[in-house]
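Student: Got a structure for you, written out below as structure tokens; questions coming shortly.
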Amino acid sequence: MNWIFLNKKNSDEYIEMFARGCKTVPTCLETWHYEDSADPLVIRGIMKKKIIKQCWQDKRPFRYMDTGYLGNSAHSKNPNGWKLYHRIVNNNLQHDQVIARPSDRWDQLGLQIQSRQHGSKILIVAPDEKPCRFYDIDLTKWLEETVATIKQHTDRAIIIRERNPDRKVRKNDKIENALNDVHAVVTYNSIAGTEAVLAGVPVFAMAPCNAAIPVSNTDLSQIDTPWWPTDDERHAWACHLAYGQFHVNELRNGTAWRILQETSDV
């Protein structure tokens, strides 16, 4: 198949490096026309909403790129917390099912799966503007309805964490710091759900698609007594996610494309 790598204004460095790693040239989004072919697409960013939804409607294969799930926060192998890993998903926005994978890529990240934590508060991680626009939800209404539902089933204190528009502030405002004394995290589509599960805190994932769904709850009526996955379930899930994201060097050198071809029927 001839994959089309859509490059917004010819300035998307990650699409550029991924295309070059696949020994092809990206296509300028602004001069491309959906109807010109039925070739599969590589798309980066949730704001390509119309294209993604048209692909779903037409059953046109695509690969979606966005920020990776694991390894982008500061840790021993990425002390500066640089955006080194990018997820690539077949025909969806996140990997919301678990496929058995080897542990090698997870092991290479140098991360740890923490033991189950207990706390007293409910932390709501609010979605930002882009997913709200993609899923056609009103943030204020979603927060009001979510808080009201939670209050029907628990009297625990509720904390709302909204995304700071300042990237520098976000970089230093780690989700780990917000998980102290937290009983459960409620999120929509945020990667904070993935981070919370790894940190040992139960998660309620409310979006139609979220990488944390296989190891999370989806029914807020269970907020006081959330289900918690086993260590083996979390490990299998982490190994799967590690096979769905790629270091920038793997985008450049073709490793990402090779792994995708080996692990996918698309």
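FYI, nothing fancy with the structure tokens labels: chains A, B, ... in order, residues from 1 per chain, ligands from 1 as they appear.
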Would you write out, as a tab-separated table, a table of all residues in region 206-260 of chain A that have an atom no more than 12 Å from an atom of region 54-68 of chain A, listing for each the closest atom pair and the distance in Å to one decimal, considering only C-alpha atoms and ordering rows by chain and rising residue number?
Tutor:
```
residue	atom	partner	partner_atom	distance
A:Ala211	CA	A:Gly68	CA	10.6
A:Leu241	CA	A:Gly68	CA	8.9
A:Ala242	CA	A:Gly68	CA	8.9
A:Tyr243	CA	A:Gly68	CA	10.7
A:Gly244	CA	A:Gly68	CA	8.4
A:Gln245	CA	A:Gly68	CA	5.6
A:Phe246	CA	A:Gly68	CA	7.4
A:His247	CA	A:Gly68	CA	8.8
A:Val248	CA	A:Gly68	CA	10.5
A:Leu251	CA	A:Met65	CA	11.0
A:Ala256	CA	A:Met65	CA	11.6
A:Trp257	CA	A:Arg63	CA	10.8
A:Leu260	CA	A:Arg63	CA	9.8
```
Student: Could the residues in this selection be saved with C-alpha atoms as a PDB file, in the first residue's frame?
Tutor:
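This went into selection_9.pdb:
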```pdb
ATOM      1  CA  ALA A 211      -5.472   3.610  26.548  1.00  0.00           C
ATOM      2  CA  LEU A 241       1.481   0.106  25.143  1.00  0.00           C
ATOM      3  CA  ALA A 242       5.271  -0.003  24.813  1.00  0.00           C
ATOM      4  CA  TYR A 243       4.791  -1.750  21.464  1.00  0.00           C
ATOM      5  CA  GLY A 244       2.440   1.006  20.308  1.00  0.00           C
ATOM      6  CA  GLN A 245       4.779   3.941  20.853  1.00  0.00           C
ATOM      7  CA  PHE A 246       8.172   4.808  19.407  1.00  0.00           C
ATOM      8  CA  HIS A 247      11.257   6.850  20.223  1.00  0.00           C
ATOM      9  CA  VAL A 248      12.067   9.641  17.764  1.00  0.00           C
ATOM     10  CA  LEU A 251      10.746   7.049  13.676  1.00  0.00           C
ATOM     11  CA  ALA A 256       8.781   2.098  14.055  1.00  0.00           C
ATOM     12  CA  TRP A 257       7.482   1.177  10.601  1.00  0.00           C
ATOM     13  CA  LEU A 260       4.075  -1.747  12.982  1.00  0.00           C
TER      14      LEU A 260
END
```
Student: Contacts between region 16-19 of chain A and region 85-111 of chain A, please, where a residue of region 85-111 of chain A counts if it comes within 12 Å (with only C-alpha atoms); show its shortest atom pair and distance in Å to one decimal, rows by chain and ascending number, as CSV.
Tutor:
```
residue,atom,partner,partner_atom,distance
A:His86,CA,A:Phe18,CA,10.4
A:Arg87,CA,A:Phe18,CA,11.7
A:Ile88,CA,A:Phe18,CA,10.4
```
Student: So which one's closest to Thr255 (chain A), A:Ile51, A:Ile43, A:Cys22, A:Leu111? Using only C-alpha atoms, please.
Tutor: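 Of all the options, A:Cys22 lies closest to Thr255 (chain A).
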Student: Hey, which of A:His118, A:Lys130, A:His75, A:His95 ends up closest to Asp181 (chain A)? Count only C-alpha atoms.
Tutor: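 With only C-alpha atoms as the atom set, the closest residue is A:His118.
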Student: Near Glu195 (chain A), counting only C-alpha atoms, which residues have an atom at most 10 Å away, once you skip same-chain residues fewer than 5 positions from it, shown as a list in words?
Tutor: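 Residues meeting the cut-off are Tyr69, Leu70, Ser73, Ile113, Lys174, Ile175, Glu176, Leu179, Ser190, Gly200, Val201, Val203 and Ala212 of chain A.
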Student: Any chance you can output those residues with N, CA and C atoms as a PDB file, in the first residue's frame?
Tutor:
```pdb
ATOM      1  N   TYR A  69       2.567   7.320  25.484  1.00  0.00           N
ATOM      2  CA  TYR A  69       1.992   7.083  26.809  1.00  0.00           C
ATOM      3  C   TYR A  69       3.042   7.062  27.909  1.00  0.00           C
ATOM      4  N   LEU A  70       4.227   6.575  27.585  1.00  0.00           N
ATOM      5  CA  LEU A  70       5.227   6.214  28.588  1.00  0.00           C
ATOM      6  C   LEU A  70       6.574   6.836  28.237  1.00  0.00           C
ATOM      7  N   SER A  73       7.885  11.731  30.678  1.00  0.00           N
ATOM      8  CA  SER A  73       8.109  12.486  31.905  1.00  0.00           C
ATOM      9  C   SER A  73       9.547  12.274  32.358  1.00  0.00           C
ATOM     10  N   ILE A 113       6.152  -0.233  37.814  1.00  0.00           N
ATOM     11  CA  ILE A 113       4.721  -0.300  38.107  1.00  0.00           C
ATOM     12  C   ILE A 113       4.577  -0.323  39.619  1.00  0.00           C
ATOM     13  N   LYS A 174       3.682  17.780  37.483  1.00  0.00           N
ATOM     14  CA  LYS A 174       3.513  16.369  37.159  1.00  0.00           C
ATOM     15  C   LYS A 174       2.269  15.792  37.824  1.00  0.00           C
ATOM     16  N   ILE A 175       1.622  14.852  37.122  1.00  0.00           N
ATOM     17  CA  ILE A 175       0.440  14.200  37.672  1.00  0.00           C
ATOM     18  C   ILE A 175       0.785  13.448  38.952  1.00  0.00           C
ATOM     19  N   GLU A 176       2.012  12.926  39.041  1.00  0.00           N
ATOM     20  CA  GLU A 176       2.408  12.185  40.235  1.00  0.00           C
ATOM     21  C   GLU A 176       2.248  13.023  41.501  1.00  0.00           C
ATOM     22  N   LEU A 179      -1.332  12.982  42.931  1.00  0.00           N
ATOM     23  CA  LEU A 179      -1.926  11.703  43.320  1.00  0.00           C
ATOM     24  C   LEU A 179      -1.813  11.401  44.807  1.00  0.00           C
ATOM     25  N   SER A 190      -7.451  11.572  28.905  1.00  0.00           N
ATOM     26  CA  SER A 190      -6.089  11.998  29.219  1.00  0.00           C
ATOM     27  C   SER A 190      -5.141  10.837  29.477  1.00  0.00           C
ATOM     28  N   GLY A 200      -0.374   3.235  40.725  1.00  0.00           N
ATOM     29  CA  GLY A 200      -1.088   2.452  41.719  1.00  0.00           C
ATOM     30  C   GLY A 200      -2.430   3.000  42.141  1.00  0.00           C
ATOM     31  N   VAL A 201      -2.984   3.937  41.369  1.00  0.00           N
ATOM     32  CA  VAL A 201      -4.257   4.561  41.725  1.00  0.00           C
ATOM     33  C   VAL A 201      -5.347   4.117  40.742  1.00  0.00           C
ATOM     34  N   VAL A 203      -8.489   4.047  38.266  1.00  0.00           N
ATOM     35  CA  VAL A 203      -8.889   5.058  37.292  1.00  0.00           C
ATOM     36  C   VAL A 203     -10.274   4.745  36.763  1.00  0.00           C
ATOM     37  N   ALA A 212      -6.135   3.674  28.889  1.00  0.00           N
ATOM     38  CA  ALA A 212      -6.259   3.121  30.240  1.00  0.00           C
ATOM     39  C   ALA A 212      -7.480   2.221  30.414  1.00  0.00           C
TER      40      ALA A 212
END
```
Student: Considering only C-alpha atoms, state which residue in the set A:Thr218, A:Thr263, A:Pro202, A:Asn249 is at the smallest distance from Arg234 (chain A).
Tutor: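 When distances to Arg234 (chain A) are compared using only C-alpha atoms, the smallest one comes from A:Pro202.
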Student: Nearest to Asp155 (chain A): which of A:Ala178, A:Leu6, A:Ala100, A:Ile122 is it, counting only C-alpha atoms?
Tutor: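 Using only C-alpha atoms, the shortest distance to Asp155 (chain A) belongs to A:Ile122.
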Student: Could you pull the residues within 6 Å of Thr187 (chain A), counting only C-alpha atoms, minus those fewer than 5 positions along the same chain, as a PyMOL selection string?
Tutor: chain A and resi 124-125+205
Student: Take the residues from that selection and write them out as a PDB file, in the first residue's frame, keeping N, CA and C atoms.
Tutor:
```
ATOM      1  N   ILE A 124     -10.445  14.548  39.611  1.00  0.00           N
ATOM      2  CA  ILE A 124     -10.960  14.610  38.245  1.00  0.00           C
ATOM      3  C   ILE A 124      -9.930  15.329  37.382  1.00  0.00           C
ATOM      4  N   VAL A 125      -9.437  14.654  36.361  1.00  0.00           N
ATOM      5  CA  VAL A 125      -8.518  15.272  35.402  1.00  0.00           C
ATOM      6  C   VAL A 125      -9.338  15.683  34.189  1.00  0.00           C
ATOM      7  N   ALA A 205     -12.092   5.746  33.361  1.00  0.00           N
ATOM      8  CA  ALA A 205     -11.837   6.325  32.040  1.00  0.00           C
ATOM      9  C   ALA A 205     -13.166   6.482  31.318  1.00  0.00           C
TER      10      ALA A 205
END
```
Student: Enumerate as a list in words all residues of region 6-68 of chain A assigned to strand (DSSP E) by DSSP on the backbone, naming them with the chain letters and numbers the document uses.
Tutor: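 Selecting the strand (DSSP E) positions of region 6-68 of chain A gives Leu6, Asn7, Thr27, Cys28, Leu41, Val42, Ile43, Arg44, Phe62, Arg63, Tyr64, Met65, Asp66 and Thr67 of chain A.
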Student: Store the residues of this selection in a file with N, CA and C atoms, as a PDB file, in the first residue's frame.
Tutor:
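Output (again.pdb):
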```
ATOM      1  N   LEU A   6       0.432  12.867   5.958  1.00  0.00           N
ATOM      2  CA  LEU A   6      -0.081  14.229   5.854  1.00  0.00           C
ATOM      3  C   LEU A   6       0.704  15.176   6.755  1.00  0.00           C
ATOM      4  N   ASN A   7       1.298  16.174   6.140  1.00  0.00           N
ATOM      5  CA  ASN A   7       2.193  17.096   6.835  1.00  0.00           C
ATOM      6  C   ASN A   7       1.608  18.503   6.801  1.00  0.00           C
ATOM      7  N   THR A  27       3.258  14.416   2.401  1.00  0.00           N
ATOM      8  CA  THR A  27       2.380  15.185   1.524  1.00  0.00           C
ATOM      9  C   THR A  27       1.866  16.409   2.255  1.00  0.00           C
ATOM     10  N   CYS A  28       1.949  17.548   1.631  1.00  0.00           N
ATOM     11  CA  CYS A  28       1.456  18.781   2.241  1.00  0.00           C
ATOM     12  C   CYS A  28      -0.062  18.692   2.417  1.00  0.00           C
ATOM     13  N   LEU A  41      -3.752   6.545   5.218  1.00  0.00           N
ATOM     14  CA  LEU A  41      -3.170   7.812   5.650  1.00  0.00           C
ATOM     15  C   LEU A  41      -2.393   7.662   6.951  1.00  0.00           C
ATOM     16  N   VAL A  42      -1.412   8.531   7.129  1.00  0.00           N
ATOM     17  CA  VAL A  42      -0.768   8.733   8.430  1.00  0.00           C
ATOM     18  C   VAL A  42      -1.110  10.152   8.857  1.00  0.00           C
ATOM     19  N   ILE A  43      -1.735  10.269  10.028  1.00  0.00           N
ATOM     20  CA  ILE A  43      -2.290  11.540  10.499  1.00  0.00           C
ATOM     21  C   ILE A  43      -1.732  11.814  11.889  1.00  0.00           C
ATOM     22  N   ARG A  44      -1.305  13.033  12.155  1.00  0.00           N
ATOM     23  CA  ARG A  44      -0.856  13.371  13.510  1.00  0.00           C
ATOM     24  C   ARG A  44      -1.692  14.512  14.071  1.00  0.00           C
ATOM     25  N   PHE A  62      -6.047   4.127   8.453  1.00  0.00           N
ATOM     26  CA  PHE A  62      -5.133   5.224   8.776  1.00  0.00           C
ATOM     27  C   PHE A  62      -4.326   4.851  10.009  1.00  0.00           C
ATOM     28  N   ARG A  63      -3.205   5.519  10.160  1.00  0.00           N
ATOM     29  CA  ARG A  63      -2.409   5.415  11.375  1.00  0.00           C
ATOM     30  C   ARG A  63      -2.352   6.798  12.006  1.00  0.00           C
ATOM     31  N   TYR A  64      -2.686   6.812  13.286  1.00  0.00           N
ATOM     32  CA  TYR A  64      -2.777   8.081  14.002  1.00  0.00           C
ATOM     33  C   TYR A  64      -1.559   8.253  14.908  1.00  0.00           C
ATOM     34  N   MET A  65      -0.926   9.410  14.839  1.00  0.00           N
ATOM     35  CA  MET A  65       0.230   9.729  15.668  1.00  0.00           C
ATOM     36  C   MET A  65      -0.121  10.794  16.689  1.00  0.00           C
ATOM     37  N   ASP A  66       0.447  10.629  17.890  1.00  0.00           N
ATOM     38  CA  ASP A  66       0.284  11.655  18.926  1.00  0.00           C
ATOM     39  C   ASP A  66       1.312  11.363  20.020  1.00  0.00           C
ATOM     40  N   THR A  67       1.232  12.105  21.098  1.00  0.00           N
ATOM     41  CA  THR A  67       2.172  11.928  22.201  1.00  0.00           C
ATOM     42  C   THR A  67       2.129  10.505  22.742  1.00  0.00           C
TER      43      THR A  67
END
```
Student: If you measure from CA of Gln261 (chain A) to CA of Pro40 (chain A), what distance in Å do you get, rounded to one decimal?
Tutor: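 Atom-to-atom, CA of Gln261 (chain A) to CA of Pro40 (chain A), that is 13.6 Å.
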Student: Extract the full set of alpha helix (DSSP H) residues from region 162-261 of chain A according to DSSP on the backbone, and format it as a PyMOL selection string.
Tutor: chain A and resi 167-172+175-178+192-199+231-242+248-253+255-261
Student: Go ahead and write the residues just picked, C-alpha atoms, as an mmCIF file, in the first residue's frame.
Tutor:
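Saved result, part21.cif, follows:
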```cif
data_model
loop_
_atom_site.group_PDB
_atom_site.id
_atom_site.type_symbol
_atom_site.label_atom_id
_atom_site.label_comp_id
_atom_site.auth_asym_id
_atom_site.auth_seq_id
_atom_site.Cartn_x
_atom_site.Cartn_y
_atom_site.Cartn_z
ATOM 1 C CA ARG A 167 3.582 24.227 28.439
ATOM 2 C CA LYS A 168 6.407 25.160 30.810
ATOM 3 C CA VAL A 169 4.060 25.038 33.793
ATOM 4 C CA ARG A 170 2.639 21.686 32.642
ATOM 5 C CA LYS A 171 6.121 20.225 32.327
ATOM 6 C CA ASN A 172 6.832 20.903 36.006
ATOM 7 C CA ILE A 175 0.440 14.200 37.672
ATOM 8 C CA GLU A 176 2.408 12.185 40.235
ATOM 9 C CA ASN A 177 2.395 15.213 42.535
ATOM 10 C CA ALA A 178 -1.401 15.367 42.370
ATOM 11 C CA ALA A 192 -3.036 10.958 33.099
ATOM 12 C CA GLY A 193 -5.191 7.830 33.346
ATOM 13 C CA THR A 194 -2.283 5.703 32.164
ATOM 14 C CA GLU A 195 0.091 7.447 34.561
ATOM 15 C CA ALA A 196 -2.292 6.954 37.483
ATOM 16 C CA VAL A 197 -2.678 3.216 36.849
ATOM 17 C CA LEU A 198 1.107 2.836 36.753
ATOM 18 C CA ALA A 199 1.320 4.841 39.993
ATOM 19 C CA ASP A 231 -0.084 -6.869 38.691
ATOM 20 C CA ASP A 232 0.018 -9.333 35.795
ATOM 21 C CA GLU A 233 -2.796 -7.484 34.019
ATOM 22 C CA ARG A 234 -1.044 -4.160 34.433
ATOM 23 C CA HIS A 235 2.248 -5.596 33.229
ATOM 24 C CA ALA A 236 0.668 -7.115 30.100
ATOM 25 C CA TRP A 237 -1.048 -3.792 29.405
ATOM 26 C CA ALA A 238 2.193 -1.824 29.848
ATOM 27 C CA CYS A 239 4.032 -4.197 27.504
ATOM 28 C CA HIS A 240 1.316 -3.691 24.893
ATOM 29 C CA LEU A 241 1.481 0.106 25.143
ATOM 30 C CA ALA A 242 5.271 -0.003 24.813
ATOM 31 C CA VAL A 248 12.067 9.641 17.764
ATOM 32 C CA ASN A 249 15.145 7.683 16.678
ATOM 33 C CA GLU A 250 12.879 4.748 15.792
ATOM 34 C CA LEU A 251 10.746 7.049 13.676
ATOM 35 C CA ARG A 252 13.837 8.210 11.808
ATOM 36 C CA ASN A 253 15.548 4.876 11.244
ATOM 37 C CA THR A 255 12.244 0.702 13.309
ATOM 38 C CA ALA A 256 8.781 2.098 14.055
ATOM 39 C CA TRP A 257 7.482 1.177 10.601
ATOM 40 C CA ARG A 258 9.019 -2.297 10.761
ATOM 41 C CA ILE A 259 7.430 -3.053 14.143
ATOM 42 C CA LEU A 260 4.075 -1.747 12.982
ATOM 43 C CA GLN A 261 4.212 -3.971 9.916
#
```
Student: Using only C-alpha atoms, which of the listed residues (A:Thr146, A:Ser264, A:Ser120, A:Asn91) sits closest to Asp219 (chain A)?
Tutor: A:Thr146
Student: I'd like the interatomic distance between CA of Met47 (chain A) and CA of Lys23 (chain A), to a tenth of an Å.
Tutor: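 Rounded to one decimal, the two atoms are 26.1 Å apart.
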